Structures are given as C-alpha cells and as structure tokens.
There are 2 protein chains.
Amino acid sequence: MNYFQDILKARQRIAPFVERTPVITSQSLNRLLDAEIWFKLENQQKAGAFKFRGATNAVQNLSEEDAKRGVATHSSGNHAAALALAAKNRGIPAYIVMPENAPEIKVENVRKFGGQITFCKPTLQAREDTLLEVTAKTGALFIPPYDCYDVICGQGTAAVELIEEAGPFDILMTPVGGGGLLSGSAVAAKNMFSETLVVAGEPLEADDACRSLKAGEIIPADNPQTIADGLKTSLGKLNFEIISQYVDEILTARESSIRAAMVLLRKQVGIMAEPSSAVPLAAITENREFFRGKKIGIIISGGNISETLFYKLTKGL
Amino acid sequence: MNYFQDILKARQRIAPFVERTPVITSQSLNRLLDAEIWFKLENQQKAGAFKFRGATNAVQNLSEEDAKRGVATHSSGNHAAALALAAKNRGIPAYIVMPENAPEIKVENVRKFGGQITFCKPTLQAREDTLLEVTAKTGALFIPPYDCYDVICGQGTAAVELIEEAGPFDILMTPVGGGGLLSGSAVAAKNMFSETLVVAGEPLEADDACRSLKAGEIIPADNPQTIADGLKTSLGKLNFEIISQYVDEILTARESSIRAAMVLLRKQVGIMAEPSSAVPLAAITENREFFRGKKIGIIISGGNISETLFYKLTKGL
C-alpha cells in the first residue's frame, strides 16, 4: 500500500470528471498578513467542494458488480452531494443519510444530483444507525465520508495540483473535520517536498483532532457547536493514523476569527467560502508570527453557503 | 486641471463609500499564457462594477445646492445602478434612462438602489432625447456615464489601487466602451510609471474606439452587435482626448474569443465576469506573442451577469 502512488493513480482516474480548480493569490491579503498565501479554489469544484474528488475516486474504482448495488453514505452535506453526483456519473443510485440540521443549500445539492435522502438526528450514533438501516434495505455499498482509503487518495489530488501550480510551500494548510482532506493532503505534501510543514486549522469549539493528536489516540467530538458545520465530525481511524505520521501541527481558531476570516476571503480574495474553508486563514490570523514571511498553500474546501447565511454570519464585520 | 492630482483627490473623497477590491493572480492562467496577469476585481465593487467609483466621485463633489436637485443619467446598465446607489448614499433622488434591451440583472440593480427608471429605444439618440425630457421635468443634474471630468477621475482610482498592490506593470489593460475607465486608468498608469504600456481591449464587432484612435477623430458606433453589452457606446469627447494622449494601443477581440475568455476567467481564476470584463483577456489570447513574458494588470470591470446568461453565452466551451 503506497498512498502517494495511489493518489497519483486516483488523479488519473478522476481526471475526466473533476475540475482542475484555480490556484490564486491576493496581493492585498499577502501585504496585510506579511506572507504569500496561495488558495486552491475547491469551492469551484463540481458539487461545490473537494469532496467530489474522493467520492469520484471511490465510485469509479468499484468493480462493475459492486457498482450495480448502488452506494450509500452519511454526511452533513458536501460528501453527500459529492457522492450523489459521482454515482450519477456512473449511472448508479446513491442513498444519503443527512442530519436534520444540515444546511438547506447542501440538502438541495444532494437532491439536484438525484441522491435519495433519509434524514436523522444530528449525532454520529444516529447517522450510523440510520445508514445501517438504509444499506440493509437497499444492499448499497457504504462509501464513508473520510475514513476510507479510496476517499483519502481522491482528496489528496487537490494538494498535488496546488503544489504543482504554485509550490513548493513552506506550509500547506487545510481544515480538519473527519480528516479526509488533511490526511490526503499531508501524504501529497510530504512526498512532494518533505520539508513542507503540514498544518491544519480546526475550530476551537470542535478541537477533537487537536486533542487527539496530542493525546496519541482518537478523542471523539460530542455534538460540538461551531459555525464550521463541515468540521463537527470526529477523526476517522485511518485518517488519524496518517495525520499522526504526517501532520506537524493542528492550530485552533475561535468562532470570531472564523467569521472575520470569511470576510477577509470575501473582501481581499473575492471568495465566497463556507465557514469551514475559512478556518485555516483564521488560524493564521491568530498566529501571525508563526506564519510571517512564509509561503503558504491553503485548500479552500468548499463554497456551499447561501448569500443570506453568509451575511448573517458576518454581520457587522 | 491636473488629472492625476484629481484622481488622488477622488480617491480620498470616495474612500468612505467604495470597496477596496481584491487584486489576485492565477498560477494556472499564468502558465497557460506564459505571462503574469494581475486582476483587479471590480466585479466585487458595490453595485457590481467600477462605475460606482466615478458616480460616487461626481455625486459627492456636488455642492449642497446642486445635490438637492437630484441626479439623472442614461446608461445601458452599470453606470445606472452605480449612480442610483451613489445618490442614495447622499440622500438625493436618481432618475435613470435605460435602453429597453438592457440586461434584466442591471435593471434590477437600479431598482434595488431606489433609482427611478425611464426606458427608451436602444440608440444613443433616443437615450439623449429621453434624458432631456427627464431632466427638463425634474430639474435633476445630468451625470454622464463617461464623458465627464469627475467621473473619469473616479474611475481612475481602480488603476491606482491595482498598481499600488501589484505594480509596476509592463502593460495595464482595461476594456473600452465610452472610455471612462480607460481614460482614468491611462492617466493613473502613465503618471505612476511612465514606461507602462496602456492597452485597451475592444470587441471587434464594436471597434469604434480602435478606429477613432487610428483616424485621429471620434468615429461613432452605430448600434453594434456584441455580447459585451457594456462596450456598445461611442467614445466620449473628453475620453477621446485623454485616450489619444495616453493610450498606446487598442486591440480588438472576436466574439468567440470573448466567450472563451469568460470561461478562462471562470475556470482558471474563479471569476464570474460579464462579457465586457473578459475582452482584455480575449485580446491577450488573440495576441499571445505581444504579451508573452509580460507582467500585466487588468481591471475586471464588472460582474453583473446572471448564471443563466453566463451559461447560455459559454455553452459548449
């Protein structure tokens, strides 16, 4: 099992389906923070987030026989829409379990791509129980949102493109929720330029990954309260293994910093990003000295936010 | 009369009202075109276009007595919305004459900012006649869309910011319609770094500015047919004088290149821009050798386009 080789294979596999998203930098933001920050715009990815890479890799890598059964998952949103579209592209059904408090825009995306939704309570237990019922009934294959080899390899392809375009970087950053994007990105970054630091941003109010890394074991999140709805999940097992080996640091960000970073992205970079995507930049603003003078790559994980919610979250900033 | 000094004064005057918009570059686009292109995102400006700068400068520079009368204009769209918002900010009425074929999104913007609209036939003659009726009836002051000293000075402030952020440039580019943005930008560019070439992009199907510059006199446009609806107007008198003095070149772009450049902006830079904004990039793609290896600044003039129209114009590309 060679993760980096499999990321490169994933890249070839998903190339006909995914967007090669833009990599941009903003001069005004760079001056403001005295750093050189390059953003990979996965908010411009199909289905609005990097998740489409992992879902496509997993779905395209299924045998004909397995594929016929259809696929299923639980997700607070972006993986759900991603899997629905990936399944649609292969012409197979997708059964999606979503917490009842998932943002409306993410629910709509799943519907748009033909995913069949079952709602559940917003706890990991409820999601897993409901998923079991759904797969028992349909026979569909579970494609996990992050704790899955093919998904991680697919997610790693965004970092490969980012580093190819604008690297090498002193620091590569992603947000961390379940750890799919972070683990895939970390493998890519360390294999391409071993001296690159891999640093994750995590909401202080959902800092289970930060605590897990320090403790040396997975400490689950328990219904944390953060505006970064994509980062409420606990680390996956496989993700934790990779993160323990490859990730240098997980920095937390306060809710107020996340809101302010959303505004920075909007006003200085021109990006309308969902809260989760603003967490790495928020971590930079809370740790200015650490990042000063550095060349940094950040994956903007997704853009699935309505204008209404954006302005509500950033009102007065 | 010192244009550059007045651009700097305009900048101070409008600072409390306008956005200091982002300046970004895309590594993938730069590689594709073998150039370093920085974009000033006036599509992120209030009212969705650079026009808000000129309109705000003109409205804020009115005496108390003049301001009370209200303001009026004719415009295919972006100046209309800009003037409506600028007037609203000063608490005075705005009377707007628009051609009946103006894009719906631009009409809506004017309404949103409280502008009072009168529609007319889509010819310069009809616009001017209708405006005369409106100003006669209301007593409002005419604020021209481009052929006006205060408007030109206001538009020039975008180039000042772009050059401050990411300059100096080998080449500064804007689209050209009536010439407000181009004339203001040219004054700013030449005064800040005299060696910068100022180059405009113009639709081949509405190349009156290109022909005017060659002929040494204004050759009016006659209801030209281009998807770049903001660039159908003829050069203004004052604009022509400045352009003759400061602009090095006007390059034309075919309709197919403009559509392709819209897609490039979307896919390589992450910008949803209206057709007029894509014209400079379209001109670059038609003149690759001229721009190879150069550091280029481009003002993305506006973003007032619906997703529906965007996909209609770029379908199959």
# chains A, B, ... in the order shown; residues from 1 in each chain; ligands from 1
>>> select_by_dssp(residues="range 55-121 of chain B", states="strand (DSSP E or B)", output="list of chain:residue names")
B:Val71, B:Ala72, B:Thr73, B:His74, B:Ala94, B:Tyr95, B:Ile96, B:Val97, B:Met98, B:Pro99, B:Gln116, B:Ile117, B:Thr118, B:Phe119, B:Cys120
>>> interface_residues(of="chain B", to="chain A", cutoff="8 Å", atoms="only C-alpha atoms", output="list of chain:residue names")
B:Arg20, B:Thr21, B:Pro22, B:Val23, B:Ile24, B:Thr25, B:Ser26, B:Gln27, B:Ser28, B:Leu41, B:Gln44, B:Glu165, B:Ala166, B:Lys267, B:Gln268, B:Val269, B:Gly270
>>> closest_residue(among="A:Ser194, A:Leu317, A:Val160, A:Pro122", to="Gln225 in chain A", atoms="only C-alpha atoms")
A:Pro122
>>> select_by_dssp(residues="range 186-291 of chain B", states="helix (DSSP H, G or I)", output="PyMOL selection string")
chain B and resi 186-192+204-206+208-215+229-231+237-246+255-269+275-286+288-291
>>> atom_distance(atom1="CA of Ala10 in chain A", atom2="CA of Glu202 in chain A")
26.6 Å
>>> atom_distance(atom1="CA of Lys214 in chain B", atom2="CA of Gln245 in chain B")
12.4 Å
>>> closest_residue(among="A:Val198, A:Leu238, A:Leu131, A:Ala186", to="Glu217 in chain A", atoms="only C-alpha atoms")
A:Leu238
